[in-house]
file entry-v5.pdb (PDB, C-alpha atoms and all ligand atoms)
MODEL        1
ATOM      1  CA  MET A1173     127.646  86.171 152.261  1.00  0.00           C
ATOM      2  CA  LYS A1174     125.550  84.520 149.606  1.00  0.00           C
ATOM      3  CA  VAL A1175     122.460  82.329 149.486  1.00  0.00           C
ATOM      4  CA  LEU A1176     121.808  80.134 146.475  1.00  0.00           C
ATOM      5  CA  MET A1177     118.175  79.539 145.530  1.00  0.00           C
ATOM      6  CA  ILE A1178     116.808  76.784 143.324  1.00  0.00           C
ATOM      7  CA  ASN A1179     113.497  77.397 141.575  1.00  0.00           C
ATOM      8  CA  GLY A1180     112.161  73.901 140.917  1.00  0.00           C
ATOM      9  CA  SER A1181     109.316  75.161 138.746  1.00  0.00           C
ATOM     10  CA  PRO A1182     109.319  75.033 134.955  1.00  0.00           C
ATOM     11  CA  HIS A1183     107.847  78.562 135.127  1.00  0.00           C
ATOM     12  CA  LYS A1184     110.619  81.124 135.403  1.00  0.00           C
ATOM     13  CA  GLU A1185     108.165  83.872 136.357  1.00  0.00           C
ATOM     14  CA  GLY A1186     105.641  81.734 138.243  1.00  0.00           C
ATOM     15  CA  CYS A1187     104.467  81.402 141.830  1.00  0.00           C
ATOM     16  CA  THR A1188     107.584  79.729 143.205  1.00  0.00           C
ATOM     17  CA  ASN A1189     109.754  82.425 141.702  1.00  0.00           C
ATOM     18  CA  ARG A1190     107.497  85.107 143.222  1.00  0.00           C
ATOM     19  CA  ALA A1191     107.938  83.504 146.641  1.00  0.00           C
ATOM     20  CA  LEU A1192     111.715  83.225 146.225  1.00  0.00           C
ATOM     21  CA  THR A1193     111.887  86.875 145.106  1.00  0.00           C
ATOM     22  CA  GLU A1194     110.283  87.914 148.392  1.00  0.00           C
ATOM     23  CA  VAL A1195     112.785  85.848 150.405  1.00  0.00           C
ATOM     24  CA  ALA A1196     115.631  87.290 148.322  1.00  0.00           C
ATOM     25  CA  GLY A1197     114.424  90.857 148.973  1.00  0.00           C
ATOM     26  CA  ALA A1198     114.590  90.308 152.734  1.00  0.00           C
ATOM     27  CA  LEU A1199     118.024  88.680 152.491  1.00  0.00           C
ATOM     28  CA  ASN A1200     119.327  91.500 150.270  1.00  0.00           C
ATOM     29  CA  GLN A1201     118.047  94.112 152.747  1.00  0.00           C
ATOM     30  CA  GLU A1202     120.226  92.419 155.356  1.00  0.00           C
ATOM     31  CA  GLY A1203     123.257  92.600 153.062  1.00  0.00           C
ATOM     32  CA  ILE A1204     123.145  88.965 151.929  1.00  0.00           C
ATOM     33  CA  GLU A1205     123.653  88.331 148.211  1.00  0.00           C
ATOM     34  CA  THR A1206     121.272  85.940 146.419  1.00  0.00           C
ATOM     35  CA  GLU A1207     121.205  84.029 143.146  1.00  0.00           C
ATOM     36  CA  VAL A1208     118.290  82.046 141.715  1.00  0.00           C
ATOM     37  CA  ILE A1209     118.942  79.026 139.532  1.00  0.00           C
ATOM     38  CA  HIS A1210     115.899  77.985 137.486  1.00  0.00           C
ATOM     39  CA  ILE A1211     115.794  74.283 136.723  1.00  0.00           C
ATOM     40  CA  GLY A1212     113.711  75.112 133.642  1.00  0.00           C
ATOM     41  CA  ASN A1213     111.555  72.862 131.515  1.00  0.00           C
ATOM     42  CA  LYS A1214     114.030  70.427 129.978  1.00  0.00           C
ATOM     43  CA  ALA A1215     114.170  66.781 131.090  1.00  0.00           C
ATOM     44  CA  ILE A1216     116.276  66.162 134.192  1.00  0.00           C
ATOM     45  CA  HIS A1217     117.791  62.734 134.605  1.00  0.00           C
ATOM     46  CA  GLY A1218     117.211  60.796 137.803  1.00  0.00           C
ATOM     47  CA  CYS A1219     120.155  59.339 139.740  1.00  0.00           C
ATOM     48  CA  ILE A1220     121.392  56.111 138.104  1.00  0.00           C
ATOM     49  CA  ALA A1221     123.419  55.112 141.202  1.00  0.00           C
ATOM     50  CA  CYS A1222     126.621  54.767 139.153  1.00  0.00           C
ATOM     51  CA  GLY A1223     128.665  56.002 142.103  1.00  0.00           C
ATOM     52  CA  LYS A1224     130.967  58.141 139.929  1.00  0.00           C
ATOM     53  CA  CYS A1225     130.209  61.212 142.037  1.00  0.00           C
ATOM     54  CA  ALA A1226     131.880  59.530 145.012  1.00  0.00           C
ATOM     55  CA  GLU A1227     135.143  59.630 143.019  1.00  0.00           C
ATOM     56  CA  THR A1228     134.785  63.003 141.304  1.00  0.00           C
ATOM     57  CA  GLY A1229     132.389  65.066 143.430  1.00  0.00           C
ATOM     58  CA  ARG A1230     130.445  65.801 140.248  1.00  0.00           C
ATOM     59  CA  CYS A1231     127.570  64.090 138.422  1.00  0.00           C
ATOM     60  CA  VAL A1232     128.129  62.183 135.173  1.00  0.00           C
ATOM     61  CA  PHE A1233     125.194  64.006 133.521  1.00  0.00           C
ATOM     62  CA  GLN A1234     126.258  67.372 132.150  1.00  0.00           C
ATOM     63  CA  ASP A1235     123.051  68.555 130.492  1.00  0.00           C
ATOM     64  CA  ASP A1236     121.275  70.142 133.457  1.00  0.00           C
ATOM     65  CA  PRO A1237     122.216  72.513 136.320  1.00  0.00           C
ATOM     66  CA  VAL A1238     123.363  69.873 138.881  1.00  0.00           C
ATOM     67  CA  ASN A1239     127.106  70.388 138.389  1.00  0.00           C
ATOM     68  CA  GLU A1240     126.681  74.153 138.115  1.00  0.00           C
ATOM     69  CA  ILE A1241     124.889  74.144 141.476  1.00  0.00           C
ATOM     70  CA  LEU A1242     127.591  71.918 142.985  1.00  0.00           C
ATOM     71  CA  ASP A1243     130.216  74.450 141.834  1.00  0.00           C
ATOM     72  CA  LYS A1244     128.211  77.339 143.286  1.00  0.00           C
ATOM     73  CA  MET A1245     127.611  75.567 146.591  1.00  0.00           C
ATOM     74  CA  GLU A1246     131.370  75.598 147.228  1.00  0.00           C
ATOM     75  CA  GLU A1247     131.080  79.356 147.751  1.00  0.00           C
ATOM     76  CA  ALA A1248     127.467  79.704 148.938  1.00  0.00           C
ATOM     77  CA  ASP A1249     126.648  80.125 152.626  1.00  0.00           C
ATOM     78  CA  GLY A1250     123.048  78.899 152.447  1.00  0.00           C
ATOM     79  CA  LEU A1251     120.567  77.153 150.176  1.00  0.00           C
ATOM     80  CA  ILE A1252     116.858  77.678 149.555  1.00  0.00           C
ATOM     81  CA  VAL A1253     114.878  75.209 147.470  1.00  0.00           C
ATOM     82  CA  GLY A1254     111.490  76.239 146.083  1.00  0.00           C
ATOM     83  CA  SER A1255     108.997  73.885 144.489  1.00  0.00           C
ATOM     84  CA  PRO A1256     105.526  73.998 143.005  1.00  0.00           C
ATOM     85  CA  VAL A1257     103.346  71.302 144.557  1.00  0.00           C
ATOM     86  CA  TYR A1258     102.662  68.435 142.135  1.00  0.00           C
ATOM     87  CA  TYR A1259     100.275  65.776 143.429  1.00  0.00           C
ATOM     88  CA  ALA A1260     100.872  66.827 147.027  1.00  0.00           C
ATOM     89  CA  SER A1261     104.661  66.622 146.778  1.00  0.00           C
ATOM     90  CA  ALA A1262     107.554  68.402 145.093  1.00  0.00           C
ATOM     91  CA  ASN A1263     107.808  68.515 141.309  1.00  0.00           C
ATOM     92  CA  GLY A1264     109.382  65.355 139.825  1.00  0.00           C
ATOM     93  CA  SER A1265     112.148  67.183 137.949  1.00  0.00           C
ATOM     94  CA  LEU A1266     113.212  68.878 141.164  1.00  0.00           C
ATOM     95  CA  PHE A1267     113.353  65.555 143.014  1.00  0.00           C
ATOM     96  CA  ALA A1268     115.499  64.124 140.208  1.00  0.00           C
ATOM     97  CA  LEU A1269     117.841  67.095 140.485  1.00  0.00           C
ATOM     98  CA  LEU A1270     118.039  67.061 144.292  1.00  0.00           C
ATOM     99  CA  ASP A1271     118.756  63.307 144.478  1.00  0.00           C
ATOM    100  CA  ARG A1272     121.803  63.802 142.289  1.00  0.00           C
ATOM    101  CA  LEU A1273     122.814  67.108 143.862  1.00  0.00           C
ATOM    102  CA  PHE A1274     122.829  65.810 147.425  1.00  0.00           C
ATOM    103  CA  PHE A1275     124.347  62.429 146.501  1.00  0.00           C
ATOM    104  CA  ALA A1276     127.294  64.205 144.879  1.00  0.00           C
ATOM    105  CA  GLY A1277     127.432  67.204 147.217  1.00  0.00           C
ATOM    106  CA  ARG A1278     130.279  67.776 149.664  1.00  0.00           C
ATOM    107  CA  ASP A1279     129.709  71.425 150.506  1.00  0.00           C
ATOM    108  CA  PHE A1280     126.353  71.389 152.272  1.00  0.00           C
ATOM    109  CA  ALA A1281     127.056  70.597 155.936  1.00  0.00           C
ATOM    110  CA  PHE A1282     126.456  73.445 158.425  1.00  0.00           C
ATOM    111  CA  LYS A1283     125.078  75.745 155.713  1.00  0.00           C
ATOM    112  CA  PRO A1284     121.498  76.771 156.560  1.00  0.00           C
ATOM    113  CA  GLY A1285     118.806  75.400 154.269  1.00  0.00           C
ATOM    114  CA  ALA A1286     115.140  76.178 153.758  1.00  0.00           C
ATOM    115  CA  ALA A1287     112.387  74.825 151.559  1.00  0.00           C
ATOM    116  CA  VAL A1288     109.526  76.821 150.065  1.00  0.00           C
ATOM    117  CA  ALA A1289     106.375  75.349 148.504  1.00  0.00           C
ATOM    118  CA  SER A1290     103.783  76.905 146.220  1.00  0.00           C
ATOM    119  CA  ALA A1291     100.397  75.282 145.676  1.00  0.00           C
ATOM    120  CA  ARG A1292      97.125  76.283 144.170  1.00  0.00           C
ATOM    121  CA  ARG A1293      95.410  74.683 147.148  1.00  0.00           C
ATOM    122  CA  ALA A1294      96.859  71.644 148.988  1.00  0.00           C
ATOM    123  CA  GLY A1295      99.917  69.473 149.544  1.00  0.00           C
ATOM    124  CA  THR A1296     102.331  72.113 150.785  1.00  0.00           C
ATOM    125  CA  THR A1297     103.276  70.565 154.124  1.00  0.00           C
ATOM    126  CA  ALA A1298     103.939  67.135 152.576  1.00  0.00           C
ATOM    127  CA  THR A1299     106.113  68.892 149.999  1.00  0.00           C
ATOM    128  CA  LEU A1300     108.046  70.744 152.686  1.00  0.00           C
ATOM    129  CA  ASP A1301     108.526  67.524 154.662  1.00  0.00           C
ATOM    130  CA  ALA A1302     110.041  65.822 151.622  1.00  0.00           C
ATOM    131  CA  LEU A1303     112.315  68.752 150.750  1.00  0.00           C
ATOM    132  CA  ASN A1304     113.503  69.304 154.320  1.00  0.00           C
ATOM    133  CA  LYS A1305     114.777  65.722 154.386  1.00  0.00           C
ATOM    134  CA  TYR A1306     117.562  66.654 151.962  1.00  0.00           C
ATOM    135  CA  PHE A1307     118.814  69.236 154.467  1.00  0.00           C
ATOM    136  CA  THR A1308     118.462  67.045 157.523  1.00  0.00           C
ATOM    137  CA  ILE A1309     120.541  64.182 156.117  1.00  0.00           C
ATOM    138  CA  ALA A1310     123.260  66.663 155.177  1.00  0.00           C
ATOM    139  CA  GLN A1311     123.813  68.307 158.590  1.00  0.00           C
ATOM    140  CA  MET A1312     122.242  71.553 157.414  1.00  0.00           C
ATOM    141  CA  PRO A1313     120.412  73.721 159.980  1.00  0.00           C
ATOM    142  CA  VAL A1314     116.850  74.185 158.738  1.00  0.00           C
ATOM    143  CA  VAL A1315     115.504  77.739 158.812  1.00  0.00           C
ATOM    144  CA  SER A1316     111.853  78.400 159.615  1.00  0.00           C
ATOM    145  CA  SER A1317     109.439  81.332 159.505  1.00  0.00           C
ATOM    146  CA  ASN A1318     106.281  82.403 161.345  1.00  0.00           C
ATOM    147  CA  TYR A1319     104.314  79.687 159.504  1.00  0.00           C
ATOM    148  CA  TRP A1320     105.300  76.786 157.264  1.00  0.00           C
ATOM    149  CA  ASN A1321     107.075  78.186 154.202  1.00  0.00           C
ATOM    150  CA  MET A1322     104.251  78.247 151.673  1.00  0.00           C
ATOM    151  CA  VAL A1323     102.456  80.534 149.237  1.00  0.00           C
ATOM    152  CA  HIS A1324      99.257  79.876 147.344  1.00  0.00           C
ATOM    153  CA  GLY A1325      98.319  80.588 143.765  1.00  0.00           C
ATOM    154  CA  ARG A1326      98.063  79.385 140.226  1.00  0.00           C
ATOM    155  CA  ASP A1327     100.169  82.197 138.871  1.00  0.00           C
ATOM    156  CA  ALA A1328     102.361  84.954 140.276  1.00  0.00           C
ATOM    157  CA  ALA A1329      99.437  87.427 140.340  1.00  0.00           C
ATOM    158  CA  ASP A1330      97.590  85.103 142.754  1.00  0.00           C
ATOM    159  CA  VAL A1331     100.645  84.947 145.016  1.00  0.00           C
ATOM    160  CA  GLU A1332     100.690  88.746 145.032  1.00  0.00           C
ATOM    161  CA  GLN A1333      97.368  88.586 146.843  1.00  0.00           C
ATOM    162  CA  ASP A1334      98.614  86.022 149.375  1.00  0.00           C
ATOM    163  CA  LEU A1335      99.766  88.638 151.857  1.00  0.00           C
ATOM    164  CA  GLU A1336     100.359  86.105 154.606  1.00  0.00           C
ATOM    165  CA  GLY A1337     102.389  83.914 152.248  1.00  0.00           C
ATOM    166  CA  LEU A1338     104.560  86.851 151.213  1.00  0.00           C
ATOM    167  CA  GLN A1339     105.083  87.803 154.847  1.00  0.00           C
ATOM    168  CA  ILE A1340     106.140  84.217 155.612  1.00  0.00           C
ATOM    169  CA  MET A1341     108.736  84.567 152.840  1.00  0.00           C
ATOM    170  CA  ARG A1342     110.065  87.889 154.179  1.00  0.00           C
ATOM    171  CA  VAL A1343     110.322  86.506 157.714  1.00  0.00           C
ATOM    172  CA  LEU A1344     112.107  83.437 156.347  1.00  0.00           C
ATOM    173  CA  GLY A1345     114.631  85.692 154.596  1.00  0.00           C
ATOM    174  CA  LYS A1346     115.229  87.746 157.736  1.00  0.00           C
ATOM    175  CA  ASN A1347     115.581  84.597 159.847  1.00  0.00           C
ATOM    176  CA  MET A1348     118.088  83.101 157.451  1.00  0.00           C
ATOM    177  CA  ALA A1349     120.078  86.362 157.388  1.00  0.00           C
ATOM    178  CA  TRP A1350     120.126  86.386 161.195  1.00  0.00           C
ATOM    179  CA  LEU A1351     121.323  82.773 161.365  1.00  0.00           C
ATOM    180  CA  LEU A1352     124.019  83.385 158.755  1.00  0.00           C
ATOM    181  CA  LYS A1353     125.285  86.375 160.748  1.00  0.00           C
ATOM    182  CA  CYS A1354     125.271  84.329 163.965  1.00  0.00           C
ATOM    183  CA  LEU A1355     127.277  81.574 162.271  1.00  0.00           C
ATOM    184  CA  GLU A1356     129.745  84.139 160.908  1.00  0.00           C
ATOM    185  CA  ALA A1357     130.080  85.774 164.340  1.00  0.00           C
ATOM    186  CA  GLY A1358     130.675  82.364 165.897  1.00  0.00           C
ATOM    187  CA  LYS A1359     133.354  81.590 163.328  1.00  0.00           C
ATOM    188  CA  ASN A1360     135.051  84.945 163.986  1.00  0.00           C
ATOM    189  CA  ALA A1361     134.910  84.231 167.732  1.00  0.00           C
ATOM    190  CA  GLY A1362     136.820  80.988 167.180  1.00  0.00           C
ATOM    191  CA  ILE A1363     133.939  78.529 167.433  1.00  0.00           C
ATOM    192  CA  SER A1364     134.935  75.793 165.038  1.00  0.00           C
ATOM    193  CA  LEU A1365     132.600  73.448 163.239  1.00  0.00           C
ATOM    194  CA  PRO A1366     131.883  70.176 165.056  1.00  0.00           C
ATOM    195  CA  ALA A1367     134.570  67.533 164.593  1.00  0.00           C
ATOM    196  CA  GLN A1368     133.349  65.012 162.044  1.00  0.00           C
ATOM    197  CA  GLU A1369     133.283  61.319 162.817  1.00  0.00           C
ATOM    198  CA  GLU A1370     134.033  58.922 160.021  1.00  0.00           C
ATOM    199  CA  LYS A1371     130.635  57.899 158.692  1.00  0.00           C
ATOM    200  CA  ALA A1372     129.451  54.492 159.897  1.00  0.00           C
ATOM    201  CA  TRP A1373     127.539  52.626 157.176  1.00  0.00           C
ATOM    202  CA  THR A1374     125.321  49.907 158.651  1.00  0.00           C
ATOM    203  CA  ASN A1375     123.038  48.630 155.950  1.00  0.00           C
ATOM    204  CA  PHE A1376     120.959  46.378 158.166  1.00  0.00           C
ATOM    205  CA  VAL A1377     120.638  45.689 161.870  1.00  0.00           C
ATOM    206  CA  ARG A1378     120.181  42.184 163.244  1.00  0.00           C
TER
HETATM  207  C1  LIG B   1     101.267  68.237 137.404  1.00  0.00           C
HETATM  208  C2  LIG B   1     100.722  69.233 138.386  1.00  0.00           C
HETATM  209  C3  LIG B   1     100.269  68.805 139.615  1.00  0.00           C
HETATM  210  C4  LIG B   1      99.771  69.724 140.549  1.00  0.00           C
HETATM  211  N1  LIG B   1      99.359  69.262 141.767  1.00  0.00           N
HETATM  212  C5  LIG B   1      98.897  70.142 142.680  1.00  0.00           C
HETATM  213  C6  LIG B   1      98.508  69.696 143.981  1.00  0.00           C
HETATM  214  O1  LIG B   1      98.631  68.535 144.339  1.00  0.00           O
HETATM  215  N2  LIG B   1      98.023  70.626 144.847  1.00  0.00           N
HETATM  216  C7  LIG B   1      97.877  71.943 144.498  1.00  0.00           C
HETATM  217  O2  LIG B   1      97.398  72.722 145.300  1.00  0.00           O
HETATM  218  N3  LIG B   1      98.288  72.405 143.288  1.00  0.00           N
HETATM  219  C8  LIG B   1      98.798  71.539 142.378  1.00  0.00           C
HETATM  220  N4  LIG B   1      99.220  72.001 141.171  1.00  0.00           N
HETATM  221  C9  LIG B   1      99.247  73.469 140.914  1.00  0.00           C
HETATM  222  C10 LIG B   1     100.610  74.102 141.229  1.00  0.00           C
HETATM  223  O3  LIG B   1     101.211  73.543 142.359  1.00  0.00           O
HETATM  224  C11 LIG B   1     100.467  75.584 141.530  1.00  0.00           C
HETATM  225  O4  LIG B   1      99.792  76.214 140.492  1.00  0.00           O
HETATM  226  C12 LIG B   1     101.812  76.229 141.801  1.00  0.00           C
HETATM  227  O5  LIG B   1     101.631  77.405 142.539  1.00  0.00           O
HETATM  228  C13 LIG B   1     102.550  76.571 140.505  1.00  0.00           C
HETATM  229  O6  LIG B   1     103.806  77.124 140.817  1.00  0.00           O
HETATM  230  P1  LIG B   1     104.770  77.703 139.656  1.00  0.00           P
HETATM  231  O7  LIG B   1     104.021  78.845 139.017  1.00  0.00           O
HETATM  232  O8  LIG B   1     105.991  78.153 140.346  1.00  0.00           O
HETATM  233  O9  LIG B   1     105.012  76.582 138.710  1.00  0.00           O
HETATM  234  C14 LIG B   1      99.722  71.109 140.221  1.00  0.00           C
HETATM  235  C15 LIG B   1     100.193  71.544 138.981  1.00  0.00           C
HETATM  236  C16 LIG B   1     100.680  70.622 138.060  1.00  0.00           C
HETATM  237  C17 LIG B   1     101.209  71.119 136.730  1.00  0.00           C
ENDMDL
END
call {"tool": "encode", "arguments": {"input": "entry-v5.pdb", "output": "structure tokens"}}
result
Amino acid sequence: MKVLMINGSPHKEGCTNRALTEVAGALNQEGIETEVIHIGNKAIHGCIACGKCAETGRCVFQDDPVNEILDKMEEADGLIVGSPVYYASANGSLFALLDRLFFAGRDFAFKPGAAVASARRAGTTATLDALNKYFTIAQMPVVSSNYWNMVHGRDAADVEQDLEGLQIMRVLGKNMAWLLKCLEAGKNAGISLPAQEEKAWTNFVR
């Protein structure tokens, strides 16, 4: 089994990456493979609502990792999204990426998801609320830990000192591994995924 991780920070070796590394370590110990995709520091286009992804399942913009992540999500069993906190919410580039990823995505339902936030000081819970909404509109079970999934620091060395934050990350990894194994065991026992209704689109209610 494999969990895909998105590092929404422009810093490849920063705080968010340090947090994700701790989650990955716990997942790996439980025999779950992990891969981190760094969104990097290049501009990421916002969604232009062209609707092409509804026809193709892929985004029209090719110059950032959205389509690569869509390809990888076909095989992945879970998704973890990490973000640095910018003005008490997720980083703007990550939002741009996630809007397009989830609008185009067809391989997310019933795969566990978790969000992780890194802040110097404040705004983590608002960030987690915003990120968790991508999972909860996509029928993804949201995985939790023994506290909200946050670390604190300005750089990775600060996060190293956040012993509670690192523990939260390890517990999150173990919890996700447990849930993945439960889902696999259920599948092997013949429990099928819930039957899907055709989506009802009601744009306004009188
Ligand atoms: C534009 C910008 C806005 C930020 N806003 C906040 C904030 O609202 N609250 C906070 O605690 N830290 C804020 N920070 C600090 C980062 O969230 C923090 O240093 C984070 O851990 C960096 O993670 P990274 O190393 O993975 O990029 C901000 C940083 C930047 C660059």
call {"tool": "residues_around", "arguments": {"input": "entry-v5.pdb", "residues": "A:Ala1310", "least_positions_apart": "2", "cutoff": "7 Å", "atoms": "only C-alpha atoms", "output": "ChimeraX atom specification"}}
result
/A:1280-1281,1306-1308,1312
call {"tool": "residues_near_ligand", "arguments": {"input": "entry-v5.pdb", "ligand": "ligand LIG 1 (chain B)", "cutoff": "12 Å", "atoms": "only C-alpha atoms and all ligand atoms", "output": "compact mmCIF listing (two decimals) with C-alpha atoms, in the coordinates of the input"}}
result
# COMPACT_ATOMS: atom_id res chain seq x y z
CA ILE A 1178 116.81 76.78 143.32
CA ASN A 1179 113.50 77.40 141.57
CA GLY A 1180 112.16 73.90 140.92
CA SER A 1181 109.32 75.16 138.75
CA PRO A 1182 109.32 75.03 134.96
CA HIS A 1183 107.85 78.56 135.13
CA LYS A 1184 110.62 81.12 135.40
CA GLU A 1185 108.16 83.87 136.36
CA GLY A 1186 105.64 81.73 138.24
CA CYS A 1187 104.47 81.40 141.83
CA THR A 1188 107.58 79.73 143.21
CA ASN A 1189 109.75 82.42 141.70
CA ARG A 1190 107.50 85.11 143.22
CA ALA A 1191 107.94 83.50 146.64
CA LEU A 1192 111.72 83.22 146.22
CA THR A 1193 111.89 86.88 145.11
CA HIS A 1210 115.90 77.98 137.49
CA ILE A 1211 115.79 74.28 136.72
CA GLY A 1212 113.71 75.11 133.64
CA ASN A 1213 111.56 72.86 131.51
CA VAL A 1253 114.88 75.21 147.47
CA GLY A 1254 111.49 76.24 146.08
CA SER A 1255 109.00 73.89 144.49
CA PRO A 1256 105.53 74.00 143.00
CA VAL A 1257 103.35 71.30 144.56
CA TYR A 1258 102.66 68.44 142.14
CA TYR A 1259 100.28 65.78 143.43
CA ALA A 1260 100.87 66.83 147.03
CA SER A 1261 104.66 66.62 146.78
CA ALA A 1262 107.55 68.40 145.09
CA ASN A 1263 107.81 68.52 141.31
CA GLY A 1264 109.38 65.36 139.82
CA SER A 1265 112.15 67.18 137.95
CA LEU A 1266 113.21 68.88 141.16
CA VAL A 1288 109.53 76.82 150.06
CA ALA A 1289 106.38 75.35 148.50
CA SER A 1290 103.78 76.90 146.22
CA ALA A 1291 100.40 75.28 145.68
CA ARG A 1292 97.12 76.28 144.17
CA ARG A 1293 95.41 74.68 147.15
CA ALA A 1294 96.86 71.64 148.99
CA GLY A 1295 99.92 69.47 149.54
CA THR A 1296 102.33 72.11 150.78
CA THR A 1297 103.28 70.56 154.12
CA ALA A 1298 103.94 67.14 152.58
CA THR A 1299 106.11 68.89 150.00
CA MET A 1322 104.25 78.25 151.67
CA VAL A 1323 102.46 80.53 149.24
CA HIS A 1324 99.26 79.88 147.34
CA GLY A 1325 98.32 80.59 143.76
CA ARG A 1326 98.06 79.39 140.23
CA ASP A 1327 100.17 82.20 138.87
CA ALA A 1328 102.36 84.95 140.28
CA ALA A 1329 99.44 87.43 140.34
CA ASP A 1330 97.59 85.10 142.75
CA VAL A 1331 100.64 84.95 145.02
CA GLU A 1332 100.69 88.75 145.03
CA ASP A 1334 98.61 86.02 149.38
CA GLY A 1337 102.39 83.91 152.25
call {"tool": "residues_around", "arguments": {"input": "entry-v5.pdb", "residues": "stretch 1227-1237 of chain A", "least_positions_apart": "3", "cutoff": "6 Å", "atoms": "all atoms listed in the file", "output": "list in words"}}
result
Lys1224, Glu1240 and Ala1276 of chain A
call {"tool": "residues_around", "arguments": {"input": "entry-v5.pdb", "residues": "A:Thr1206", "least_positions_apart": "3", "cutoff": "9 Å", "atoms": "all atoms listed in the file", "output": "ChimeraX atom specification"}}
result
/A:1173-1177,1196-1197,1199-1200
call {"tool": "atom_distance", "arguments": {"input": "entry-v5.pdb", "atom1": "atom CA of A:Asp1271", "atom2": "atom CA of A:Gly1218"}}
result
7.3 Å
call {"tool": "closest_residue", "arguments": {"input": "entry-v5.pdb", "among": "A:Lys1353, A:Lys1359, A:Lys1305, A:Lys1346", "to": "A:Phe1267", "atoms": "all atoms listed in the file"}}
result
A:Lys1305
call {"tool": "atom_distance", "arguments": {"input": "entry-v5.pdb", "atom1": "atom CA of A:Ala1361", "atom2": "atom CA of A:Ala1248"}}
result
20.7 Å
call {"tool": "build_atoms", "arguments": {"input": "entry-v5.pdb", "residues": "stretch 1297-1308 of chain A", "atoms": "N, CA, C and O atoms", "output": "PDB file, in the frame of the given file"}}
result
ATOM      1  N   THR A1297     102.477  71.055 152.989  1.00  0.00           N
ATOM      2  CA  THR A1297     103.276  70.565 154.124  1.00  0.00           C
ATOM      3  C   THR A1297     103.960  69.242 153.778  1.00  0.00           C
ATOM      4  O   THR A1297     105.092  69.006 154.184  1.00  0.00           O
ATOM      5  N   ALA A1298     103.291  68.392 153.001  1.00  0.00           N
ATOM      6  CA  ALA A1298     103.939  67.135 152.576  1.00  0.00           C
ATOM      7  C   ALA A1298     105.150  67.450 151.696  1.00  0.00           C
ATOM      8  O   ALA A1298     106.192  66.791 151.784  1.00  0.00           O
ATOM      9  N   THR A1299     105.004  68.469 150.867  1.00  0.00           N
ATOM     10  CA  THR A1299     106.113  68.892 149.999  1.00  0.00           C
ATOM     11  C   THR A1299     107.291  69.385 150.840  1.00  0.00           C
ATOM     12  O   THR A1299     108.451  69.011 150.610  1.00  0.00           O
ATOM     13  N   LEU A1300     106.980  70.212 151.830  1.00  0.00           N
ATOM     14  CA  LEU A1300     108.046  70.744 152.686  1.00  0.00           C
ATOM     15  C   LEU A1300     108.728  69.619 153.458  1.00  0.00           C
ATOM     16  O   LEU A1300     109.958  69.619 153.613  1.00  0.00           O
ATOM     17  N   ASP A1301     107.936  68.667 153.941  1.00  0.00           N
ATOM     18  CA  ASP A1301     108.526  67.524 154.662  1.00  0.00           C
ATOM     19  C   ASP A1301     109.544  66.805 153.774  1.00  0.00           C
ATOM     20  O   ASP A1301     110.647  66.470 154.210  1.00  0.00           O
ATOM     21  N   ALA A1302     109.146  66.553 152.536  1.00  0.00           N
ATOM     22  CA  ALA A1302     110.041  65.822 151.622  1.00  0.00           C
ATOM     23  C   ALA A1302     111.301  66.637 151.337  1.00  0.00           C
ATOM     24  O   ALA A1302     112.414  66.099 151.363  1.00  0.00           O
ATOM     25  N   LEU A1303     111.143  67.925 151.088  1.00  0.00           N
ATOM     26  CA  LEU A1303     112.315  68.752 150.750  1.00  0.00           C
ATOM     27  C   LEU A1303     113.243  68.928 151.941  1.00  0.00           C
ATOM     28  O   LEU A1303     114.469  68.907 151.806  1.00  0.00           O
ATOM     29  N   ASN A1304     112.655  69.098 153.132  1.00  0.00           N
ATOM     30  CA  ASN A1304     113.503  69.304 154.320  1.00  0.00           C
ATOM     31  C   ASN A1304     114.384  68.089 154.606  1.00  0.00           C
ATOM     32  O   ASN A1304     115.434  68.213 155.240  1.00  0.00           O
ATOM     33  N   LYS A1305     113.969  66.933 154.123  1.00  0.00           N
ATOM     34  CA  LYS A1305     114.777  65.722 154.386  1.00  0.00           C
ATOM     35  C   LYS A1305     116.142  65.784 153.701  1.00  0.00           C
ATOM     36  O   LYS A1305     117.096  65.173 154.171  1.00  0.00           O
ATOM     37  N   TYR A1306     116.238  66.505 152.593  1.00  0.00           N
ATOM     38  CA  TYR A1306     117.562  66.654 151.962  1.00  0.00           C
ATOM     39  C   TYR A1306     118.500  67.423 152.899  1.00  0.00           C
ATOM     40  O   TYR A1306     119.678  67.097 153.022  1.00  0.00           O
ATOM     41  N   PHE A1307     117.966  68.444 153.564  1.00  0.00           N
ATOM     42  CA  PHE A1307     118.814  69.236 154.467  1.00  0.00           C
ATOM     43  C   PHE A1307     119.198  68.428 155.705  1.00  0.00           C
ATOM     44  O   PHE A1307     120.319  68.495 156.183  1.00  0.00           O
ATOM     45  N   THR A1308     118.231  67.680 156.218  1.00  0.00           N
ATOM     46  CA  THR A1308     118.462  67.045 157.523  1.00  0.00           C
ATOM     47  C   THR A1308     119.304  65.780 157.436  1.00  0.00           C
ATOM     48  O   THR A1308     119.737  65.269 158.459  1.00  0.00           O
TER      49      THR A1308
END
